[in-house]
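Take a look at the structure below.
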Amino acid sequence: MMNRREALARMMAITGTMVIGAELFVTGCRHPDAVKRTEPFTPAELALLDEVGETIIPATSTPGAKAAGVGPFMAMIARDCYDDATYASFRGGCAKIEAASQKKYGKSFSAASASDRTALLNELDREQRQYMKERTREQPTHYFKLMKDLTLLGFFSSEVGAKTAMRYVESPGSYDGNVAYKKGDRAWYNPSRRIS
């Protein structure tokens with residue numbers, strides 16, 4: 001039987017970079033409409049993003065999203081890569097999650113129990129799925145979809161995620177100065193080396 005972490009790892013392997021959209025890679029991260037944003041995320045917002053990430057990928061026998069530093073990662077991507085509407089959606093989402101937790105449980109998201117946090121994020125996930133089905137191209141992506149996608153990207157592209165949740169093979173590999181060679185074997189190709 002596959003556990004949640006294995007399912008997420010397989011999903012990331014299958015979907016690859018589709019999770020965050022090709023636009024991020026095509027534009028070289030900085031969105032052409034994005035202005036240089038200098039206002040930092042507050043410590044409370046970063047802590048909330050860490051808790052959201054940890055609720056999505058909790059620590060089990062291996063570290064969770066918080067150990068991979070997904071909170072600061074999400075903030076960096078939102079600040080440096082999103083257009084103004086998407087950035088506003090993401091940043092406003094922090095306040096919306098806190099407000100929803102206060103309304104439902106009478107406490108902040110971070111102070112809520114793990115089961116309450118999971119229940120709240122499951123509600124937000126259903127909400128974002130419906131929103132994404134009905135939204136027009138002019139509307140920004142739902143903040144929880146952004147947070148969920150960035151949690152997966154941040155965790156599985158981190159050293160913690162790559163080495164604990166997935167099989168890690170160092171690339172390009174270790175140096176071997178004693179590779180067997182027989183007369184007549186082809187030479188190794190090295191595109192960075194020029195022959196004069």
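Residues are named by chain letter and number: chains run A, B, ... in the order of the structure tokens, numbers start at 1 in each chain, and ligands are numbered from 1 in the order shown.
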
Output as a Markdown table one row per residue of segment 133-179 of chain A within 12 Å of segment 97-107 of chain A: the closest atom pair and its distance in Å to one decimal place, counting only C-alpha atoms, sorted by chain and residue number ascending.
```
| residue | atom | partner | partner_atom | distance |
| --- | --- | --- | --- | --- |
| A:Tyr143 | CA | A:Ile97 | CA | 9.8 |
| A:Phe144 | CA | A:Ile97 | CA | 9.0 |
| A:Met147 | CA | A:Ile97 | CA | 11.2 |
```

Go ahead and save the residues from that selection, with N, CA and C atoms, as a PDB file, in the first residue's frame.
```pdb
ATOM      1  N   TYR A 143      -5.483  31.381  -4.641  1.00  0.00           N
ATOM      2  CA  TYR A 143      -4.316  31.397  -3.754  1.00  0.00           C
ATOM      3  C   TYR A 143      -3.959  30.021  -3.205  1.00  0.00           C
ATOM      4  N   PHE A 144      -4.952  29.180  -2.916  1.00  0.00           N
ATOM      5  CA  PHE A 144      -4.598  27.879  -2.342  1.00  0.00           C
ATOM      6  C   PHE A 144      -3.982  26.961  -3.392  1.00  0.00           C
ATOM      7  N   MET A 147      -0.396  27.965  -3.437  1.00  0.00           N
ATOM      8  CA  MET A 147       0.314  27.465  -2.253  1.00  0.00           C
ATOM      9  C   MET A 147       0.572  25.964  -2.338  1.00  0.00           C
TER      10      MET A 147
END
```

**Asked** Contacts of Arg117 of chain A at 12 Å or less, counting only C-alpha atoms, minus same-chain residues fewer than 2 places along, as a VMD selection string?
**Response** chain A and resid 48 51 to 56 58 97 to 98 100 to 102 104 to 105 107 to 115 119 to 124

**Item:** Surrounding residues of Ala68 of chain A excluding itself and chain neighbours under 2 positions, 7 Å, only C-alpha atoms, as a PyMOL selection string
**Value:** chain A and resi 64-66+70+155+158+160-161

**Request:** Considering only C-alpha atoms, state which residue in the set A:Ala162, A:Ile57, A:Leu46, A:Ala95 is at the smallest distance from Pro72 of chain A.
**Result:**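 So, comparing all the options, the nearest one is A:Leu46.
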
Could you name the residues that touch Ser89 of chain A at 10 Å or less, counting only C-alpha atoms, but leaving out those on the same chain fewer than 5 positions away, as a PDB file with C-alpha atoms, in the first residue's frame?
```pdb
ATOM      1  CA  ALA A  78       5.454  34.856  -5.280  1.00  0.00           C
ATOM      2  CA  TYR A  82       4.147  36.469 -10.163  1.00  0.00           C
ATOM      3  CA  ASP A  84       0.546  41.758  -9.775  1.00  0.00           C
ATOM      4  CA  CYS A  94      -2.404  34.251   3.938  1.00  0.00           C
ATOM      5  CA  LYS A  96      -7.854  34.489   4.262  1.00  0.00           C
ATOM      6  CA  GLN A 139      -8.969  36.182 -13.027  1.00  0.00           C
ATOM      7  CA  PRO A 140      -5.862  35.209 -11.073  1.00  0.00           C
ATOM      8  CA  THR A 141      -5.158  31.671  -9.964  1.00  0.00           C
ATOM      9  CA  HIS A 142      -6.729  30.777  -6.613  1.00  0.00           C
ATOM     10  CA  TYR A 143      -4.316  31.397  -3.754  1.00  0.00           C
ATOM     11  CA  PHE A 144      -4.598  27.879  -2.342  1.00  0.00           C
ATOM     12  CA  LEU A 146      -0.643  28.471  -5.797  1.00  0.00           C
TER      13      LEU A 146
END
```

**Request:** Would you list, as a ChimeraX atom specification, the residues of segment 86-150 of chain A that end up in alpha helix (DSSP H) under DSSP run on this structure's backbone?
**Result:** /A:86-105,114-134,143-150
